[in-house]
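Structure file run.txt (compact mmCIF, N, CA, C and O atoms) is printed below.
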# COMPACT_ATOMS: atom_id res chain seq x y z
N MET A 125 0.82 -1.19 0.00
CA MET A 125 0.00 0.00 0.00
C MET A 125 0.86 1.26 0.00
O MET A 125 0.56 2.21 -0.68
N LEU A 126 1.92 1.25 0.80
CA LEU A 126 2.79 2.42 0.87
C LEU A 126 3.46 2.72 -0.46
O LEU A 126 3.49 3.89 -0.88
N PRO A 127 4.00 1.73 -1.18
CA PRO A 127 4.60 2.04 -2.48
C PRO A 127 3.59 2.66 -3.45
O PRO A 127 3.94 3.57 -4.21
N THR A 128 2.36 2.18 -3.42
CA THR A 128 1.33 2.75 -4.30
C THR A 128 1.08 4.21 -3.95
O THR A 128 0.97 5.06 -4.83
N THR A 129 1.03 4.50 -2.66
CA THR A 129 0.82 5.89 -2.22
C THR A 129 1.97 6.78 -2.66
O THR A 129 1.75 7.90 -3.13
N VAL A 130 3.17 6.29 -2.53
CA VAL A 130 4.35 7.06 -2.94
C VAL A 130 4.31 7.33 -4.44
O VAL A 130 4.58 8.45 -4.88
N VAL A 131 3.96 6.32 -5.22
CA VAL A 131 3.88 6.50 -6.68
C VAL A 131 2.83 7.54 -7.03
O VAL A 131 3.06 8.42 -7.88
N ILE A 132 1.69 7.49 -6.37
CA ILE A 132 0.62 8.46 -6.65
C ILE A 132 1.07 9.87 -6.28
O ILE A 132 0.87 10.82 -7.05
N LEU A 133 1.71 10.02 -5.11
CA LEU A 133 2.17 11.35 -4.71
C LEU A 133 3.26 11.89 -5.63
O LEU A 133 3.24 13.08 -6.00
N VAL A 134 4.19 11.05 -6.03
CA VAL A 134 5.24 11.48 -6.95
C VAL A 134 4.62 11.89 -8.29
O VAL A 134 4.97 12.91 -8.87
N GLY A 135 3.66 11.10 -8.77
CA GLY A 135 2.97 11.44 -10.01
C GLY A 135 2.21 12.75 -9.89
O GLY A 135 2.21 13.58 -10.81
N LEU A 136 1.58 12.96 -8.75
CA LEU A 136 0.83 14.20 -8.52
C LEU A 136 1.75 15.41 -8.57
O LEU A 136 1.45 16.40 -9.24
N PHE A 137 2.87 15.32 -7.88
CA PHE A 137 3.80 16.46 -7.88
C PHE A 137 4.51 16.62 -9.23
O PHE A 137 4.85 17.74 -9.61
N ALA A 138 4.70 15.54 -9.96
CA ALA A 138 5.31 15.65 -11.28
C ALA A 138 4.38 16.34 -12.27
O ALA A 138 4.83 17.06 -13.17
N LEU A 139 3.08 16.11 -12.11
CA LEU A 139 2.10 16.71 -13.02
C LEU A 139 1.66 18.11 -12.59
O LEU A 139 0.93 18.78 -13.31
N GLN A 140 2.06 18.53 -11.40
CA GLN A 140 1.62 19.81 -10.87
C GLN A 140 1.90 21.00 -11.80
O GLN A 140 1.05 21.89 -11.92
N PRO A 141 3.03 21.04 -12.50
CA PRO A 141 3.27 22.18 -13.40
C PRO A 141 2.25 22.29 -14.54
O PRO A 141 2.13 23.33 -15.17
N LEU A 142 1.52 21.21 -14.84
CA LEU A 142 0.53 21.25 -15.92
C LEU A 142 -0.71 22.04 -15.55
O LEU A 142 -1.51 22.39 -16.40
N GLY A 143 -0.89 22.30 -14.27
CA GLY A 143 -2.05 23.06 -13.82
C GLY A 143 -3.00 22.22 -12.99
O GLY A 143 -3.13 21.01 -13.20
N THR A 144 -3.66 22.88 -12.06
CA THR A 144 -4.53 22.16 -11.14
C THR A 144 -5.78 21.61 -11.82
O THR A 144 -6.34 20.61 -11.38
N ALA A 145 -6.22 22.23 -12.89
CA ALA A 145 -7.43 21.75 -13.58
C ALA A 145 -7.19 20.36 -14.17
O ALA A 145 -8.04 19.47 -14.04
N LYS A 146 -6.03 20.18 -14.79
CA LYS A 146 -5.73 18.87 -15.38
C LYS A 146 -5.52 17.81 -14.29
O LYS A 146 -5.93 16.67 -14.43
N ILE A 147 -4.89 18.21 -13.19
CA ILE A 147 -4.68 17.28 -12.09
C ILE A 147 -6.03 16.89 -11.47
O ILE A 147 -6.29 15.72 -11.19
N GLY A 148 -6.88 17.86 -11.27
CA GLY A 148 -8.21 17.59 -10.73
C GLY A 148 -9.02 16.67 -11.62
O GLY A 148 -9.73 15.79 -11.13
N ARG A 149 -8.92 16.87 -12.91
CA ARG A 149 -9.63 16.02 -13.86
C ARG A 149 -9.12 14.59 -13.81
O ARG A 149 -9.86 13.62 -13.93
N ALA A 150 -7.81 14.43 -13.57
CA ALA A 150 -7.22 13.10 -13.53
C ALA A 150 -7.47 12.42 -12.18
O ALA A 150 -7.81 11.24 -12.13
N PHE A 151 -7.32 13.16 -11.10
CA PHE A 151 -7.41 12.56 -9.78
C PHE A 151 -8.81 12.61 -9.18
O PHE A 151 -9.08 11.94 -8.17
N GLY A 152 -9.70 13.39 -9.74
CA GLY A 152 -11.07 13.46 -9.23
C GLY A 152 -11.76 12.10 -9.20
O GLY A 152 -12.27 11.68 -8.16
N PRO A 153 -11.77 11.38 -10.31
CA PRO A 153 -12.39 10.05 -10.30
C PRO A 153 -11.68 9.07 -9.36
O PRO A 153 -12.32 8.24 -8.72
N VAL A 154 -10.36 9.19 -9.25
CA VAL A 154 -9.62 8.33 -8.34
C VAL A 154 -10.06 8.59 -6.90
O VAL A 154 -10.30 7.66 -6.12
N MET A 155 -10.22 9.86 -6.54
CA MET A 155 -10.66 10.21 -5.19
C MET A 155 -12.09 9.75 -4.95
O MET A 155 -12.42 9.32 -3.84
N LEU A 156 -12.93 9.83 -5.95
CA LEU A 156 -14.30 9.36 -5.82
C LEU A 156 -14.33 7.86 -5.51
O LEU A 156 -15.03 7.42 -4.59
N VAL A 157 -13.54 7.10 -6.22
CA VAL A 157 -13.45 5.66 -5.96
C VAL A 157 -12.89 5.41 -4.57
O VAL A 157 -13.38 4.55 -3.83
N TRP A 158 -11.87 6.16 -4.18
CA TRP A 158 -11.25 5.99 -2.87
C TRP A 158 -12.26 6.21 -1.75
O TRP A 158 -12.38 5.40 -0.83
N PHE A 159 -13.01 7.32 -1.81
CA PHE A 159 -13.96 7.62 -0.75
C PHE A 159 -15.14 6.65 -0.76
O PHE A 159 -15.66 6.29 0.30
N ALA A 160 -15.55 6.20 -1.93
CA ALA A 160 -16.62 5.20 -2.00
C ALA A 160 -16.16 3.89 -1.37
O ALA A 160 -16.91 3.24 -0.62
N LEU A 161 -14.93 3.50 -1.63
CA LEU A 161 -14.37 2.29 -1.03
C LEU A 161 -14.28 2.42 0.48
O LEU A 161 -14.63 1.50 1.22
N MET A 162 -13.84 3.57 0.98
CA MET A 162 -13.76 3.80 2.42
C MET A 162 -15.15 3.73 3.06
O MET A 162 -15.32 3.17 4.15
N ALA A 163 -16.16 4.28 2.38
CA ALA A 163 -17.53 4.23 2.90
C ALA A 163 -18.03 2.80 2.95
O ALA A 163 -18.65 2.38 3.95
N LEU A 164 -17.78 2.03 1.92
CA LEU A 164 -18.23 0.64 1.90
C LEU A 164 -17.53 -0.20 2.97
O LEU A 164 -18.17 -1.01 3.65
N LEU A 165 -16.23 0.00 3.13
CA LEU A 165 -15.51 -0.75 4.16
C LEU A 165 -15.96 -0.34 5.56
O LEU A 165 -16.08 -1.18 6.46
N GLY A 166 -16.24 0.94 5.75
CA GLY A 166 -16.75 1.40 7.04
C GLY A 166 -18.12 0.84 7.33
O GLY A 166 -18.40 0.40 8.45
N LEU A 167 -18.97 0.82 6.33
CA LEU A 167 -20.31 0.26 6.49
C LEU A 167 -20.23 -1.23 6.82
O LEU A 167 -20.95 -1.73 7.69
N ARG A 168 -19.33 -1.92 6.15
CA ARG A 168 -19.13 -3.35 6.43
C ARG A 168 -18.68 -3.56 7.87
O ARG A 168 -19.16 -4.45 8.57
N GLY A 169 -17.77 -2.72 8.33
CA GLY A 169 -17.28 -2.81 9.70
C GLY A 169 -18.39 -2.58 10.72
O GLY A 169 -18.48 -3.28 11.72
N VAL A 170 -19.25 -1.61 10.45
CA VAL A 170 -20.37 -1.34 11.36
C VAL A 170 -21.35 -2.50 11.34
O VAL A 170 -21.89 -2.88 12.39
N MET A 171 -21.57 -3.10 10.19
CA MET A 171 -22.49 -4.22 10.11
C MET A 171 -21.94 -5.44 10.84
O MET A 171 -22.69 -6.21 11.45
N LEU A 172 -20.62 -5.63 10.81
CA LEU A 172 -20.01 -6.76 11.52
C LEU A 172 -19.97 -6.53 13.03
O LEU A 172 -20.05 -7.48 13.80
N HIS A 173 -19.82 -5.27 13.44
CA HIS A 173 -19.71 -4.93 14.86
C HIS A 173 -20.61 -3.72 15.16
O HIS A 173 -20.11 -2.61 15.37
N PRO A 174 -21.94 -3.91 15.18
CA PRO A 174 -22.84 -2.78 15.38
C PRO A 174 -22.70 -2.11 16.74
O PRO A 174 -23.16 -0.99 16.93
N GLY A 175 -22.04 -2.76 17.68
CA GLY A 175 -21.84 -2.16 18.99
C GLY A 175 -21.04 -0.87 18.96
O GLY A 175 -21.10 -0.08 19.90
N VAL A 176 -20.28 -0.64 17.89
CA VAL A 176 -19.50 0.60 17.81
C VAL A 176 -20.40 1.82 17.72
O VAL A 176 -19.96 2.93 18.03
N LEU A 177 -21.65 1.64 17.34
CA LEU A 177 -22.57 2.77 17.23
C LEU A 177 -22.92 3.36 18.60
O LEU A 177 -23.40 4.49 18.69
N VAL A 178 -22.65 2.60 19.67
CA VAL A 178 -22.88 3.12 21.02
C VAL A 178 -22.03 4.36 21.25
O VAL A 178 -22.41 5.26 22.00
N ALA A 179 -20.90 4.45 20.59
CA ALA A 179 -20.00 5.58 20.75
C ALA A 179 -20.64 6.89 20.29
O ALA A 179 -20.17 7.97 20.65
N LEU A 180 -21.70 6.84 19.51
CA LEU A 180 -22.38 8.05 19.06
C LEU A 180 -23.28 8.65 20.14
O LEU A 180 -23.74 9.78 20.00
N ASN A 181 -23.52 7.90 21.21
CA ASN A 181 -24.36 8.37 22.29
C ASN A 181 -23.62 9.47 23.06
O ASN A 181 -22.56 9.22 23.63
N PRO A 182 -24.16 10.69 23.12
CA PRO A 182 -23.46 11.78 23.81
C PRO A 182 -23.35 11.57 25.32
O PRO A 182 -22.55 12.22 25.99
N PHE A 183 -24.13 10.66 25.89
CA PHE A 183 -24.05 10.40 27.32
C PHE A 183 -22.64 10.02 27.74
O PHE A 183 -22.17 10.45 28.79
N TYR A 184 -21.95 9.23 26.96
CA TYR A 184 -20.62 8.77 27.33
C TYR A 184 -19.63 9.93 27.35
O TYR A 184 -18.77 10.00 28.21
N GLY A 185 -19.74 10.83 26.43
CA GLY A 185 -18.86 12.01 26.43
C GLY A 185 -19.15 12.93 27.60
O GLY A 185 -18.24 13.43 28.28
N LEU A 186 -20.44 13.16 27.87
CA LEU A 186 -20.81 14.02 28.99
C LEU A 186 -20.43 13.37 30.31
O LEU A 186 -20.01 14.05 31.26
N ASN A 187 -20.58 12.06 30.39
CA ASN A 187 -20.22 11.35 31.61
C ASN A 187 -18.72 11.46 31.90
O ASN A 187 -18.32 11.51 33.05
N SER A 188 -17.92 11.52 30.87
CA SER A 188 -16.48 11.62 31.08
C SER A 188 -16.07 13.01 31.59
O SER A 188 -14.98 13.18 32.12
N LEU A 189 -16.96 14.00 31.46
CA LEU A 189 -16.67 15.35 31.96
C LEU A 189 -16.99 15.49 33.44
O LEU A 189 -16.64 16.50 34.05
N GLN A 190 -17.69 14.54 34.01
CA GLN A 190 -18.07 14.59 35.42
C GLN A 190 -16.81 14.41 36.28
O GLN A 190 -15.99 13.55 36.02
N PRO A 191 -16.69 15.22 37.32
CA PRO A 191 -15.55 15.01 38.23
C PRO A 191 -15.70 13.71 39.00
O PRO A 191 -16.81 13.34 39.36
N THR A 192 -14.60 13.04 39.19
CA THR A 192 -14.65 11.78 39.95
C THR A 192 -14.15 12.02 41.35
O THR A 192 -13.32 12.90 41.61
N GLY A 193 -14.61 11.21 42.28
CA GLY A 193 -14.09 11.28 43.63
C GLY A 193 -15.05 11.83 44.53
O GLY A 193 -15.48 12.27 45.39

Translate the structure described by the file into structure tokens.
Amino acid sequence: MLPTTVVILVGLFALQPLGTAKIGRAFGPVMLVWFALMALLGLRGVMLHPGVLVALNPFYGLNSLQPTG
């Protein structure tokens, strides 16, 4: 994964002199696929372990602000 990231970043900086419009046109679809993949993997993780949704309950955050002792 790291070599792929390095190749993408080197390619991005190599193409930078061509202008941001061309870079955006090239990397826009790549970013769309990336974020869609992250959403699907996150959704899969929540479906496998739905207990993580308890963390969205503000009670736990407020409870941690209470002084102890």

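You will find CA of Phe151 in chain A at 26.7 Å from CA of Gly169 in chain A.
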
Measure the distance from atom N of Asn187 in chain A to atom N of His173 in chain A in Å and round it to one decimal. 24.3 Å

Quick check, in Å to one decimal: how far apart do CA of Leu161 in chain A and CA of Met125 in chain A lie? 14.6 Å

Write out all heavy atoms for range 159-170 of chain A, as a short mmCIF file (atom, residue, chain, number, x, y, z; two decimals), keeping the file's coordinate frame.
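Written output follows (selection10.cif):
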data_model
loop_
_atom_site.label_atom_id
_atom_site.label_comp_id
_atom_site.auth_asym_id
_atom_site.auth_seq_id
_atom_site.Cartn_x
_atom_site.Cartn_y
_atom_site.Cartn_z
N PHE A 159 -13.01 7.32 -1.81
CA PHE A 159 -13.96 7.62 -0.75
C PHE A 159 -15.14 6.65 -0.76
O PHE A 159 -15.66 6.29 0.30
CB PHE A 159 -14.45 9.07 -0.85
CG PHE A 159 -13.41 10.06 -0.38
CD1 PHE A 159 -12.95 11.04 -1.23
CD2 PHE A 159 -12.88 9.99 0.90
CE1 PHE A 159 -12.00 11.95 -0.81
CE2 PHE A 159 -11.93 10.89 1.33
CZ PHE A 159 -11.48 11.88 0.48
N ALA A 160 -15.55 6.20 -1.93
CA ALA A 160 -16.62 5.20 -2.00
C ALA A 160 -16.16 3.89 -1.37
O ALA A 160 -16.91 3.24 -0.62
CB ALA A 160 -17.04 4.97 -3.45
N LEU A 161 -14.93 3.50 -1.63
CA LEU A 161 -14.37 2.29 -1.03
C LEU A 161 -14.28 2.42 0.48
O LEU A 161 -14.63 1.50 1.22
CB LEU A 161 -13.00 1.99 -1.63
CG LEU A 161 -12.30 0.74 -1.11
CD1 LEU A 161 -13.09 -0.51 -1.46
CD2 LEU A 161 -10.90 0.66 -1.69
N MET A 162 -13.84 3.57 0.98
CA MET A 162 -13.76 3.80 2.42
C MET A 162 -15.15 3.73 3.06
O MET A 162 -15.32 3.17 4.15
CB MET A 162 -13.12 5.16 2.74
CG MET A 162 -11.66 5.24 2.40
SD MET A 162 -10.64 4.23 3.48
CE MET A 162 -10.30 2.85 2.43
N ALA A 163 -16.16 4.28 2.38
CA ALA A 163 -17.53 4.23 2.90
C ALA A 163 -18.03 2.80 2.95
O ALA A 163 -18.65 2.38 3.95
CB ALA A 163 -18.45 5.09 2.04
N LEU A 164 -17.78 2.03 1.92
CA LEU A 164 -18.23 0.64 1.90
C LEU A 164 -17.53 -0.20 2.97
O LEU A 164 -18.17 -1.01 3.65
CB LEU A 164 -17.99 0.02 0.52
CG LEU A 164 -18.92 0.52 -0.59
CD1 LEU A 164 -18.48 -0.05 -1.94
CD2 LEU A 164 -20.35 0.12 -0.30
N LEU A 165 -16.23 0.00 3.13
CA LEU A 165 -15.51 -0.75 4.16
C LEU A 165 -15.96 -0.34 5.56
O LEU A 165 -16.08 -1.18 6.46
CB LEU A 165 -14.00 -0.55 4.00
CG LEU A 165 -13.38 -1.21 2.78
CD1 LEU A 165 -11.91 -0.81 2.66
CD2 LEU A 165 -13.52 -2.71 2.84
N GLY A 166 -16.24 0.94 5.75
CA GLY A 166 -16.75 1.40 7.04
C GLY A 166 -18.12 0.84 7.33
O GLY A 166 -18.40 0.40 8.45
N LEU A 167 -18.97 0.82 6.33
CA LEU A 167 -20.31 0.26 6.49
C LEU A 167 -20.23 -1.23 6.82
O LEU A 167 -20.95 -1.73 7.69
CB LEU A 167 -21.14 0.49 5.23
CG LEU A 167 -22.58 0.01 5.26
CD1 LEU A 167 -23.36 0.72 6.36
CD2 LEU A 167 -23.24 0.24 3.91
N ARG A 168 -19.33 -1.92 6.15
CA ARG A 168 -19.13 -3.35 6.43
C ARG A 168 -18.68 -3.56 7.87
O ARG A 168 -19.16 -4.45 8.57
CB ARG A 168 -18.11 -3.94 5.47
CG ARG A 168 -17.81 -5.41 5.72
CD ARG A 168 -16.75 -5.93 4.73
NE ARG A 168 -16.40 -7.28 5.04
CZ ARG A 168 -15.39 -7.65 5.85
NH1 ARG A 168 -14.64 -6.72 6.40
NH2 ARG A 168 -15.14 -8.91 6.09
N GLY A 169 -17.77 -2.72 8.33
CA GLY A 169 -17.28 -2.81 9.70
C GLY A 169 -18.39 -2.58 10.72
O GLY A 169 -18.48 -3.28 11.72
N VAL A 170 -19.25 -1.61 10.45
CA VAL A 170 -20.37 -1.34 11.36
C VAL A 170 -21.35 -2.50 11.34
O VAL A 170 -21.89 -2.88 12.39
CB VAL A 170 -21.06 -0.01 10.99
CG1 VAL A 170 -22.36 0.16 11.74
CG2 VAL A 170 -20.14 1.16 11.27
#
